[in-house]
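Source file structure.cif; content: mmCIF, C-alpha atoms.
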```cif
data_input
#
loop_
_atom_site.label_atom_id
_atom_site.label_comp_id
_atom_site.auth_asym_id
_atom_site.auth_seq_id
_atom_site.Cartn_x
_atom_site.Cartn_y
_atom_site.Cartn_z
CA MET A 236 -16.15 -17.58 -17.19
CA LYS A 237 -18.68 -15.25 -15.62
CA PRO A 238 -17.28 -12.22 -13.74
CA GLY A 239 -19.20 -13.11 -10.55
CA TYR A 240 -17.79 -16.64 -10.59
CA ARG A 241 -14.25 -15.38 -11.09
CA GLN A 242 -14.66 -12.90 -8.23
CA SER A 243 -16.06 -15.56 -5.86
CA LEU A 244 -13.24 -17.93 -6.86
CA GLY A 245 -10.77 -15.16 -6.03
CA HIS A 246 -12.36 -14.56 -2.62
CA LEU A 247 -12.31 -18.29 -1.91
CA GLY A 248 -8.63 -18.43 -2.84
CA GLU A 249 -7.78 -15.46 -0.61
CA SER A 250 -9.58 -17.07 2.34
CA LEU A 251 -7.78 -20.37 1.77
CA ALA A 252 -4.46 -18.54 1.50
CA ALA A 253 -5.11 -16.57 4.71
CA ASP A 254 -5.96 -19.79 6.57
CA PHE A 255 -2.86 -21.46 5.15
CA LEU A 256 -0.64 -18.59 6.30
CA LYS A 257 -2.20 -18.55 9.78
CA ASP A 258 -1.51 -22.28 10.06
CA GLN A 259 2.14 -21.51 9.21
CA GLY A 260 2.40 -18.94 12.01
CA TYR A 261 1.70 -15.74 10.04
CA MET A 262 -0.54 -12.99 11.33
CA ILE A 263 -2.88 -11.45 8.74
CA ILE A 264 -2.79 -7.67 9.14
CA GLY A 265 -4.65 -6.62 5.99
CA ARG A 266 -6.80 -7.87 3.14
CA ASN A 267 -7.66 -6.37 -0.23
CA PHE A 268 -5.69 -3.17 0.33
CA ARG A 269 -6.30 -0.86 -2.61
CA THR A 270 -3.53 1.32 -4.00
CA PRO A 271 -3.17 3.42 -7.17
CA TYR A 272 -1.12 0.48 -8.55
CA GLY A 273 -3.64 -2.24 -7.83
CA GLU A 274 -4.85 -4.28 -4.92
CA ILE A 275 -2.70 -6.17 -2.43
CA ASP A 276 -4.55 -9.41 -1.72
CA LEU A 277 -3.09 -10.09 1.73
CA VAL A 278 -0.69 -8.31 4.04
CA ALA A 279 0.78 -10.61 6.66
CA GLN A 280 3.54 -10.61 9.22
CA ILE A 281 5.86 -13.37 10.35
CA ASP A 282 8.41 -12.57 13.03
CA GLU A 283 9.55 -9.05 12.11
CA VAL A 284 8.89 -9.32 8.36
CA ILE A 285 5.93 -7.78 6.55
CA VAL A 286 4.78 -10.06 3.72
CA PHE A 287 2.71 -8.83 0.79
CA VAL A 288 0.90 -11.78 -0.76
CA GLU A 289 -0.44 -12.10 -4.28
CA VAL A 290 -2.97 -14.93 -4.45
CA LYS A 291 -3.76 -16.69 -7.73
CA THR A 292 -6.55 -19.26 -7.82
CA ARG A 293 -7.58 -21.56 -10.63
CA ALA A 294 -10.42 -24.05 -10.87
CA SER A 295 -9.06 -25.69 -14.01
CA LYS A 296 -5.71 -26.68 -15.43
CA SER A 297 -6.78 -25.63 -18.94
CA LEU A 298 -5.02 -22.26 -18.66
CA GLY A 299 -1.90 -23.71 -17.03
CA PRO A 300 -0.69 -23.26 -13.48
CA PRO A 301 -1.86 -20.12 -11.66
CA GLU A 302 1.62 -18.62 -11.32
CA ILE A 303 2.04 -18.12 -15.06
CA SER A 304 -0.53 -15.33 -14.91
CA ILE A 305 1.91 -13.12 -12.99
CA THR A 306 3.48 -11.28 -15.90
CA PRO A 307 6.41 -8.85 -15.61
CA LYS A 308 3.88 -6.00 -15.79
CA LYS A 309 1.85 -7.54 -12.94
CA GLN A 310 5.05 -8.01 -10.92
CA GLU A 311 5.85 -4.31 -11.31
CA HIS A 312 2.33 -3.35 -10.16
CA ILE A 313 2.64 -5.60 -7.10
CA ARG A 314 6.06 -4.15 -6.25
CA CYS A 315 4.77 -0.56 -6.57
CA ALA A 316 1.68 -1.39 -4.47
CA ALA A 317 3.90 -2.83 -1.72
CA GLU A 318 6.14 0.24 -1.75
CA TYR A 319 3.05 2.47 -1.58
CA TYR A 320 1.80 0.53 1.46
CA ILE A 321 5.16 0.91 3.20
CA GLN A 322 5.20 4.67 2.50
CA LEU A 323 1.73 5.02 4.03
CA HIS A 324 2.70 3.03 7.11
CA VAL A 325 5.82 4.87 8.23
CA GLU A 326 5.52 3.23 11.65
CA LEU A 327 6.65 -0.02 10.02
CA HIS A 328 10.40 -0.31 10.19
CA ASN A 329 10.28 -3.98 9.30
CA ASP A 330 11.90 -5.83 6.47
CA TRP A 331 9.40 -6.81 3.82
CA ARG A 332 9.00 -9.19 0.90
CA ILE A 333 6.47 -10.22 -1.71
CA ASP A 334 5.20 -13.79 -1.78
CA VAL A 335 2.88 -15.56 -4.18
CA ILE A 336 0.41 -18.23 -3.13
CA THR A 337 -1.19 -20.32 -5.85
CA ILE A 338 -4.27 -22.41 -5.30
CA GLN A 339 -5.72 -25.02 -7.61
CA ILE A 340 -9.24 -26.13 -6.77
CA PRO A 341 -9.79 -29.71 -7.98
CA LYS A 342 -13.20 -30.65 -9.33
CA ALA A 343 -13.56 -33.70 -7.07
CA ASP A 344 -13.86 -33.64 -3.30
CA SER A 345 -10.09 -33.38 -2.99
CA PRO A 346 -8.47 -30.64 -0.93
CA PRO A 347 -7.10 -27.61 -2.79
CA LEU A 348 -3.48 -27.68 -3.92
CA ILE A 349 -1.63 -24.77 -2.32
CA ASP A 350 1.88 -23.64 -3.23
CA HIS A 351 3.68 -20.85 -1.39
CA PHE A 352 6.50 -19.07 -3.22
CA GLN A 353 8.40 -16.93 -0.71
CA ASN A 354 10.17 -13.78 -1.89
CA ALA A 355 8.79 -14.49 -5.36
CA ILE A 356 8.99 -10.91 -6.60
CA SER A 357 11.95 -8.67 -5.89
#
```
Write the structure described by the file as structure tokens, please.
Amino acid sequence: MKPGYRQSLGHLGESLAADFLKDQGYMIIGRNFRTPYGEIDLVAQIDEVIVFVEVKTRASKSLGPPEISITPKKQEHIRCAAEYYIQLHVELHNDWRIDVITIQIPKADSPPLIDHFQNAIS
């Protein structure tokens, strides 16, 4: 897979995830926030909870479902990135959690398959 294709697939997935969250009542307050531990794909808020969202998008089932790519090492990076964000934003006294949204893009003209795993990483 070409790097440009993978990057554009990732951006498509993040846009689909942001739209999905907005439809569910979330407010998107940040995208692609870079930290020393890696990037946070989406930062959202629902009610009084800050939600850090890792988005995984796949265009093929050949590598398995998207969520299997979130290894224990990746989980640790996401957790550290979220904690870094909270330390930078001391004005936030909210509860927070880390969610995962997976998106599978079918080859046909079918809509994408979106799964939302709340509080997926603790």
With distances taken over only C-alpha atoms, the candidate from A:Val290, A:Ile340, A:Leu298, A:Leu323 nearest Ala355 (chain A) is A:Val290
Between A:Thr292, A:Gln322, A:Gln353, A:Asn267, smallest distance to Asp334 (chain A) by only C-alpha atoms belongs to A:Gln353
Residues in the PyMOL selection byres ((chain A and resi 342-347) around 10), expressed as an MDAnalysis selection string: chainID A and resid 248 251 292:295 337:341 348:350
Polymer residues at most 7 Å from Ala316 (chain A), all atoms listed in the file, same-chain spacing of 4 or more positions, as a PyMOL selection string: chain A and resi 270+272-273+275+312+320
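With only C-alpha atoms as the atoms that count, the minimum distance from Tyr261 (chain A) to the choices A:Phe352, A:Leu244, A:Ile281, A:Thr306 is reached by A:Ile281.
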Box dimensions and centre (Å, one decimal) enclosing region 292-296 of chain A, axis-aligned, 3 Å extra per side, as lines of an AutoDock Vina configuration file:
```
center_x = -8.1
center_y = -23.0
center_z = -11.6
size_x = 10.7
size_y = 13.4
size_z = 13.6
```
Residues near Ile333 (chain A), cut-off 7 Å, all atoms listed in the file, skip fewer than 4 positions along chain, as a PyMOL selection string: chain A and resi 286-288+354-356
Shortest interatomic distance to Val335 (chain A) - which of A:Pro307, A:Pro271, A:Gly245, A:Pro301, counting only C-alpha atoms: A:Pro301
Between CA of Gln310 (chain A) and CA of Trp331 (chain A), distance in Å (one decimal):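 One can read the CA of Gln310 (chain A) to CA of Trp331 (chain A) distance as 15.4 Å.
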For the atom pair CA of Ser357 (chain A) and CA of Asp282 (chain A), what is the interatomic distance in Å to one decimal place?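 Here the two named atoms are 19.6 Å from each other.
The spacing separating CA of Glu311 (chain A) from CA of Gly265 (chain A) amounts to 20.4 Å.
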Using only C-alpha atoms, which of the listed residues (A:Ile336, A:His351, A:Leu256, A:Ala279) sits closest to Ala317 (chain A)?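 Looking at the shortest contact to Ala317 (chain A), the residue is A:Ala279.
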Among the residues A:Glu318, A:Asp276, A:Asp330, A:Glu283, the one that comes closest to Ser250 (chain A) [using only C-alpha atoms]: A:Asp276
Ile264 (chain A): which residues within 9 Å, counting only C-alpha atoms, same-chain residues fewer than 2 positions away excluded, as a list of chain:residue names? A:Met262, A:Arg266, A:Leu277, A:Val278, A:Ala279, A:Gln280
